[in-house]
Structure formats: C-alpha cells, structure tokens
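See below for run.pdb, which holds PDB, C-alpha atoms, pLDDT in the B column.
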```
ATOM      1  CA  MET Y   1      -4.460   5.549  -0.800  1.00 89.00           C
ATOM      2  CA  ARG Y   2      -1.514   5.287   1.563  1.00 90.00           C
ATOM      3  CA  TRP Y   3       1.966   4.190   0.592  1.00 93.00           C
ATOM      4  CA  GLN Y   4       4.748   4.456   3.142  1.00 91.00           C
ATOM      5  CA  SER Y   5       8.198   3.116   3.704  1.00 91.00           C
ATOM      6  CA  GLY Y   6       8.668   0.499   6.374  1.00 90.00           C
ATOM      7  CA  SER Y   7       9.234   1.363   9.997  1.00 93.00           C
ATOM      8  CA  ARG Y   8      12.722   1.366  11.441  1.00 94.00           C
ATOM      9  CA  PHE Y   9      14.030  -1.239  13.883  1.00 94.00           C
ATOM     10  CA  SER Y  10      17.211  -2.404  15.595  1.00 93.00           C
ATOM     11  CA  VAL Y  11      18.773  -5.846  15.657  1.00 94.00           C
ATOM     12  CA  THR Y  12      19.438  -6.773  19.275  1.00 92.00           C
ATOM     13  CA  THR Y  13      21.349  -9.577  20.942  1.00 90.00           C
ATOM     14  CA  GLY Y  14      18.568 -10.442  23.359  1.00 84.00           C
ATOM     15  CA  VAL Y  15      21.077 -10.812  26.209  1.00 83.00           C
ATOM     16  CA  ASP Y  16      23.260  -8.532  28.346  1.00 83.00           C
ATOM     17  CA  ASN Y  17      26.604  -8.652  26.477  1.00 80.00           C
ATOM     18  CA  ALA Y  18      27.888  -5.406  27.987  1.00 81.00           C
ATOM     19  CA  LEU Y  19      27.377  -6.785  31.509  1.00 82.00           C
ATOM     20  CA  SER Y  20      25.517  -3.609  32.442  1.00 82.00           C
ATOM     21  CA  GLY Y  21      22.391  -5.259  33.821  1.00 76.00           C
ATOM     22  CA  GLN Y  22      20.276  -3.932  30.942  1.00 78.00           C
ATOM     23  CA  GLY Y  23      19.017  -5.948  27.987  1.00 75.00           C
ATOM     24  CA  GLY Y  24      18.174  -4.813  24.471  1.00 79.00           C
ATOM     25  CA  GLN Y  25      21.748  -4.196  23.393  1.00 87.00           C
ATOM     26  CA  ARG Y  26      22.413  -3.958  19.681  1.00 90.00           C
ATOM     27  CA  ALA Y  27      24.150  -6.674  17.689  1.00 91.00           C
ATOM     28  CA  VAL Y  28      27.281  -6.242  15.557  1.00 91.00           C
ATOM     29  CA  GLN Y  29      26.816  -6.310  11.780  1.00 93.00           C
ATOM     30  CA  ILE Y  30      29.599  -8.347  10.134  1.00 93.00           C
ATOM     31  CA  LEU Y  31      28.380  -8.574   6.502  1.00 92.00           C
ATOM     32  CA  ASP Y  32      27.729  -5.652   4.145  1.00 91.00           C
ATOM     33  CA  ASN Y  33      24.273  -6.875   3.169  1.00 93.00           C
ATOM     34  CA  PRO Y  34      22.245  -7.804   6.265  1.00 93.00           C
ATOM     35  CA  PHE Y  35      19.122  -8.775   4.322  1.00 92.00           C
ATOM     36  CA  GLY Y  36      18.119 -12.249   3.221  1.00 90.00           C
ATOM     37  CA  ASP Y  37      16.047 -12.890   0.107  1.00 90.00           C
ATOM     38  CA  GLY Y  38      13.285 -10.514   1.278  1.00 86.00           C
ATOM     39  CA  SER Y  39      10.709 -13.240   1.876  1.00 91.00           C
ATOM     40  CA  VAL Y  40       8.714 -13.568   5.084  1.00 92.00           C
ATOM     41  CA  ASN Y  41      10.853 -16.533   6.127  1.00 94.00           C
ATOM     42  CA  ASN Y  42      14.212 -14.904   5.363  1.00 93.00           C
ATOM     43  CA  TYR Y  43      13.943 -11.117   5.594  1.00 95.00           C
ATOM     44  CA  LEU Y  44      17.198 -10.785   7.572  1.00 94.00           C
ATOM     45  CA  ASN Y  45      20.311 -12.930   7.180  1.00 93.00           C
ATOM     46  CA  ARG Y  46      21.285 -14.437  10.549  1.00 92.00           C
ATOM     47  CA  ASP Y  47      24.903 -14.851   9.389  1.00 93.00           C
ATOM     48  CA  ALA Y  48      25.213 -11.060   8.942  1.00 93.00           C
ATOM     49  CA  PHE Y  49      25.130 -10.444  12.711  1.00 94.00           C
ATOM     50  CA  THR Y  50      26.966 -11.501  15.825  1.00 91.00           C
ATOM     51  CA  SER Y  51      27.009 -10.524  19.487  1.00 89.00           C
ATOM     52  CA  PRO Y  52      29.600  -7.989  20.694  1.00 90.00           C
ATOM     53  CA  ALA Y  53      32.422  -9.220  22.907  1.00 87.00           C
ATOM     54  CA  ALA Y  54      31.626  -9.546  26.600  1.00 87.00           C
ATOM     55  CA  GLY Y  55      31.778  -6.201  28.370  1.00 86.00           C
ATOM     56  CA  THR Y  56      31.474  -4.128  25.172  1.00 87.00           C
ATOM     57  CA  TYR Y  57      28.744  -2.406  23.181  1.00 87.00           C
ATOM     58  CA  SER Y  58      28.060  -2.541  19.453  1.00 87.00           C
ATOM     59  CA  ALA Y  59      28.884   0.430  17.219  1.00 86.00           C
ATOM     60  CA  LEU Y  60      25.703  -0.206  15.196  1.00 89.00           C
ATOM     61  CA  LYS Y  61      23.360   2.789  15.237  1.00 91.00           C
ATOM     62  CA  PRO Y  62      19.901   2.387  16.770  1.00 91.00           C
ATOM     63  CA  ASN Y  63      17.063   1.767  14.303  1.00 93.00           C
ATOM     64  CA  ALA Y  64      19.525   1.135  11.482  1.00 92.00           C
ATOM     65  CA  PHE Y  65      17.209  -1.108   9.441  1.00 93.00           C
ATOM     66  CA  VAL Y  66      13.932  -0.532   7.609  1.00 93.00           C
ATOM     67  CA  GLY Y  67      11.140  -3.098   7.504  1.00 93.00           C
ATOM     68  CA  PRO Y  68       8.797  -3.852   4.595  1.00 94.00           C
ATOM     69  CA  SER Y  69       6.879  -0.979   3.025  1.00 93.00           C
ATOM     70  CA  GLN Y  70       3.121  -0.592   3.459  1.00 93.00           C
ATOM     71  CA  PHE Y  71       0.552   0.064   0.722  1.00 94.00           C
ATOM     72  CA  GLN Y  72      -3.169   0.362   1.343  1.00 93.00           C
ATOM     73  CA  ASN Y  73      -6.166   1.545  -0.669  1.00 95.00           C
ATOM     74  CA  ASP Y  74      -9.350   2.465   1.158  1.00 95.00           C
ATOM     75  CA  LEU Y  75     -12.695   3.098  -0.515  1.00 96.00           C
ATOM     76  CA  SER Y  76     -15.855   4.795   0.679  1.00 96.00           C
ATOM     77  CA  VAL Y  77     -19.187   4.956  -1.136  1.00 96.00           C
ATOM     78  CA  THR Y  78     -21.861   7.238   0.303  1.00 96.00           C
ATOM     79  CA  ARG Y  79     -25.347   8.257  -0.698  1.00 95.00           C
ATOM     80  CA  VAL Y  80     -27.638  10.826   0.898  1.00 94.00           C
ATOM     81  CA  PHE Y  81     -31.407  10.225   0.802  1.00 91.00           C
ATOM     82  CA  ARG Y  82     -34.303  12.256   2.149  1.00 89.00           C
ATOM     83  CA  LEU Y  83     -37.002  10.710   4.270  1.00 82.00           C
ATOM     84  CA  ALA Y  84     -39.803  13.012   5.390  1.00 82.00           C
ATOM     85  CA  SER Y  85     -37.587  15.999   4.525  1.00 84.00           C
ATOM     86  CA  ARG Y  86     -34.863  14.672   6.870  1.00 87.00           C
ATOM     87  CA  PRO Y  87     -31.555  13.583   5.353  1.00 90.00           C
ATOM     88  CA  PHE Y  88     -30.033  10.231   6.073  1.00 91.00           C
ATOM     89  CA  GLN Y  89     -26.798   8.892   4.745  1.00 94.00           C
ATOM     90  CA  LEU Y  90     -25.994   5.342   3.703  1.00 95.00           C
ATOM     91  CA  ARG Y  91     -22.269   4.569   3.774  1.00 96.00           C
ATOM     92  CA  TRP Y  92     -20.173   1.580   2.712  1.00 97.00           C
ATOM     93  CA  GLU Y  93     -16.479   1.688   3.641  1.00 96.00           C
ATOM     94  CA  ILE Y  94     -13.808  -0.793   2.605  1.00 97.00           C
ATOM     95  CA  PHE Y  95     -10.363  -0.683   4.183  1.00 96.00           C
ATOM     96  CA  ASN Y  96      -7.497  -2.373   2.302  1.00 95.00           C
ATOM     97  CA  VAL Y  97      -9.788  -2.875  -0.684  1.00 95.00           C
ATOM     98  CA  LEU Y  98      -7.098  -4.786  -2.639  1.00 94.00           C
ATOM     99  CA  ASN Y  99      -6.523  -7.088   0.376  1.00 94.00           C
ATOM    100  CA  LYS Y 100      -2.747  -6.634   0.077  1.00 94.00           C
ATOM    101  CA  ALA Y 101      -0.659  -8.234   2.808  1.00 93.00           C
ATOM    102  CA  ASN Y 102       1.193  -5.443   4.648  1.00 94.00           C
ATOM    103  CA  PHE Y 103       3.874  -7.207   6.653  1.00 95.00           C
ATOM    104  CA  ASN Y 104       5.266  -5.910   9.941  1.00 95.00           C
ATOM    105  CA  ASN Y 105       8.930  -5.874  10.969  1.00 95.00           C
ATOM    106  CA  PRO Y 106      10.784  -9.177  11.288  1.00 96.00           C
ATOM    107  CA  THR Y 107      11.843 -10.748  14.559  1.00 95.00           C
ATOM    108  CA  SER Y 108      15.123  -9.012  15.332  1.00 93.00           C
ATOM    109  CA  GLY Y 109      16.488 -10.620  18.499  1.00 92.00           C
ATOM    110  CA  LEU Y 110      19.547 -12.793  17.792  1.00 92.00           C
ATOM    111  CA  ASN Y 111      18.563 -15.182  20.575  1.00 90.00           C
ATOM    112  CA  SER Y 112      15.204 -15.949  18.913  1.00 92.00           C
ATOM    113  CA  THR Y 113      14.716 -19.084  16.840  1.00 93.00           C
ATOM    114  CA  ASN Y 114      12.525 -16.948  14.546  1.00 95.00           C
ATOM    115  CA  PHE Y 115      15.244 -14.355  13.856  1.00 94.00           C
ATOM    116  CA  GLY Y 116      14.771 -12.669  10.484  1.00 93.00           C
ATOM    117  CA  ARG Y 117      11.273 -14.083   9.963  1.00 95.00           C
ATOM    118  CA  ILE Y 118       8.174 -11.922   9.599  1.00 96.00           C
ATOM    119  CA  LEU Y 119       5.470 -13.402  11.786  1.00 96.00           C
ATOM    120  CA  THR Y 120       2.772 -10.708  11.736  1.00 95.00           C
ATOM    121  CA  ALA Y 121       0.966  -8.526   9.225  1.00 94.00           C
ATOM    122  CA  GLY Y 122      -1.455  -5.624   9.178  1.00 92.00           C
ATOM    123  CA  GLN Y 123      -5.220  -5.859   8.848  1.00 93.00           C
ATOM    124  CA  PRO Y 124      -6.854  -7.760   5.972  1.00 95.00           C
ATOM    125  CA  ARG Y 125      -9.736  -6.296   3.967  1.00 96.00           C
ATOM    126  CA  ILE Y 126     -12.393  -4.950   6.323  1.00 97.00           C
ATOM    127  CA  MET Y 127     -15.821  -3.669   5.300  1.00 97.00           C
ATOM    128  CA  GLN Y 128     -18.343  -1.722   7.302  1.00 97.00           C
ATOM    129  CA  PHE Y 129     -21.794  -0.364   6.603  1.00 97.00           C
ATOM    130  CA  ALA Y 130     -23.289   2.669   8.299  1.00 96.00           C
ATOM    131  CA  LEU Y 131     -26.578   4.528   8.315  1.00 94.00           C
ATOM    132  CA  LYS Y 132     -26.654   8.079   9.620  1.00 91.00           C
ATOM    133  CA  TYR Y 133     -29.961   9.816  10.274  1.00 88.00           C
ATOM    134  CA  ASP Y 134     -30.133  13.533  11.110  1.00 80.00           C
ATOM    135  CA  PHE Y 135     -33.064  14.574  13.270  1.00 79.00           C
TER     136      PHE Y 135
END
```
Turn the structure described in the file into structure tokens.
Amino acid sequence: MRWQSGSRFSVTTGVDNALSGQGGQRAVQILDNPFGDGSVNNYLNRDAFTSPAAGTYSALKPNAFVGPSQFQNDLSVTRVFRLASRPFQLRWEIFNVLNKANFNNPTSGLNSTNFGRILTAGQPRIMQFALKYDF
C-alpha cells in the first residue's frame, strides 16, 4: 500500500513578463484560495492568478501548490512448487488492485486554454503472471 501527498508545482505565466529572455516565470496570486472545486475540470481557479507587470517578477514562491494525492494498493500472490526436486515459483502480481484513478498535476500555465484542468493520470490496474524455475 502506498499513500502519498501530491507533488508540488508552480503556476507560471507561460510568457516572458520580466523581459529577461527566459520563460517559465511565476504568476501572481491575487485571491486567497487558488483552488477551484477540486474536480479534474476545475482544480485551479483561473481568476485567482494574473501575470506580473511588464519588467517585474512575481513574489510567489516556487512550487507553492500541491497536486492531488496518490493512493495505490498492490497485491502479490506466490506459490512455490517442486518439480523433480527443483523448485519453481508461480507468481501473480496486481498493481493498483482497486483501480483507483491517481490524477497528476493540473495544467499550470496561464497562457494555456486547459489551465487548472487535470488531463493525465497514473497507471490503471495492471496484472502480470510469472513463472520462475531454479535449475
């Protein structure tokens, strides 16, 4: 079982507001609560952010926001048999056995039409079978 908090990320403007020739500059947070309703289509509130004035930087700290948490249960069932006095192992492994959707961070560039939306997720349930023979 693995349960972890979400990974950290920054909200960026997507353009060079500071006129430094470098992109990836952080946005300015103007509302106390930057989060939307927490759904995949509205994780961040677009109205909570704006671009800094031309020629300036934002005072917002890097990686100031935390994405959705992750929870995953994995299961493994093994059995050892003997064949002609040699052991072999039969294994069945299931990753994300509950098939819970573990969402990634939302789109965080202000210039994106998908700002605040979560577009990707972690792996679904995956099963694998294995046979190990010692000789």
Non-local contacts of range 36-42 of chain Y (10 Å; all atoms listed in the file; under 5 positions in same chain excluded) as a list of chain:residue names: Y:Asp47, Y:Ala48, Y:Gly67, Y:Pro68, Y:Phe103, Y:Asn104, Y:Asn105, Y:Pro106, Y:Asn114, Y:Phe115, Y:Gly116, Y:Arg117, Y:Ile118, Y:Leu119, Y:Thr120
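If you measure from each of Y:Gly122, Y:Gly21, Y:Gly14, Y:Gly55 to Gln72 in chain Y using only C-alpha atoms, the closest one turns out to be Y:Gly122.
For Phe71 in chain Y, the list of residues within 9 Å, based on all atoms listed in the file and with local chain neighbours fewer than 2 positions off taken out, reads Met1, Arg2, Trp3, Gln4, Ser5, Ser69, Asn73, Asn96, Lys100, Ala101 and Asn102 of chain Y.
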I would like the residues chosen by the PyMOL selection byres ((chain Y and resi 61) around 10) on the shown file; could you give them as a VMD selection string? chain Y and resid 10 to 11 26 to 28 58 to 60 62 to 65
If you apply the PyMOL selection byres ((chain Y and resi 111) around 10) to this file, what residues do you get, as a list in words? Thr12, Thr13, Gly14, Val15, Ser51, Ser108, Gly109, Leu110, Ser112, Thr113, Asn114 and Phe115 of chain Y
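Counting only C-alpha atoms and comparing Y:Ile126, Y:Val80, Y:Ala121, Y:Arg86, the residue that lies closest to Asn99 in chain Y is Y:Ile126.
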Hits of the PyMOL selection byres ((chain Y and resi 77) around 8) in this structure, as a PyMOL selection string: chain Y and resi 75-76+78-79+91-93
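In this model, the gap between CA of Leu19 in chain Y and CA of Thr50 in chain Y comes to 16.4 Å.
Put simply, CA of Asp16 in chain Y is 18.0 Å away from CA of Thr107 in chain Y.
Pairwise distance (CA of Pro52 in chain Y, CA of Gly24 in chain Y) equals 12.4 Å.
You can rank Y:Leu98, Y:Ala84, Y:Ile30, Y:Ala18 by their closest distance to Ala53 in chain Y using all atoms listed in the file, and at the top of that list sits Y:Ala18.
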10 Å contact set for Phe135 in chain Y, all atoms listed in the file, chain neighbours under 5 positions out, as a JSON list (two decimals) with C-alpha atoms, in the coordinates of the input:
```json
[["chain", "number", "residue", "atom", "x", "y", "z"],
["Y", 85, "SER", "CA", -37.59, 16.00, 4.53],
["Y", 86, "ARG", "CA", -34.86, 14.67, 6.87],
["Y", 87, "PRO", "CA", -31.56, 13.58, 5.35],
["Y", 88, "PHE", "CA", -30.03, 10.23, 6.07]]
```
Neighbour residues at most 10 Å from (-22.9, -3.4, 4.7) (all atoms listed in the file) as a PDB file with C-alpha atoms, in the coordinates of the input:
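That gives us result37.pdb:
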```pdb
ATOM      1  CA  LEU Y  90     -25.994   5.342   3.703  1.00 95.00           C
ATOM      2  CA  ARG Y  91     -22.269   4.569   3.774  1.00 96.00           C
ATOM      3  CA  TRP Y  92     -20.173   1.580   2.712  1.00 97.00           C
ATOM      4  CA  GLU Y  93     -16.479   1.688   3.641  1.00 96.00           C
ATOM      5  CA  ILE Y  94     -13.808  -0.793   2.605  1.00 97.00           C
ATOM      6  CA  MET Y 127     -15.821  -3.669   5.300  1.00 97.00           C
ATOM      7  CA  GLN Y 128     -18.343  -1.722   7.302  1.00 97.00           C
ATOM      8  CA  PHE Y 129     -21.794  -0.364   6.603  1.00 97.00           C
ATOM      9  CA  ALA Y 130     -23.289   2.669   8.299  1.00 96.00           C
ATOM     10  CA  LEU Y 131     -26.578   4.528   8.315  1.00 94.00           C
TER      11      LEU Y 131
END
```
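With distances taken over all atoms listed in the file, Y:Gln89 is the one residue among Y:Gln89, Y:Gln25, Y:Gln70, Y:Asn45 lying closest to Tyr133 in chain Y.
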Please give the centre and size of the box around range 118-133 of chain Y (axis-aligned, containing every atom listed in the file, 3 Å added per side), with values in Å to one decimal and written as lines of an AutoDock Vina configuration file.
```
center_x = -10.9
center_y = -1.8
center_z = 7.9
size_x = 44.1
size_y = 29.2
size_z = 13.8
```
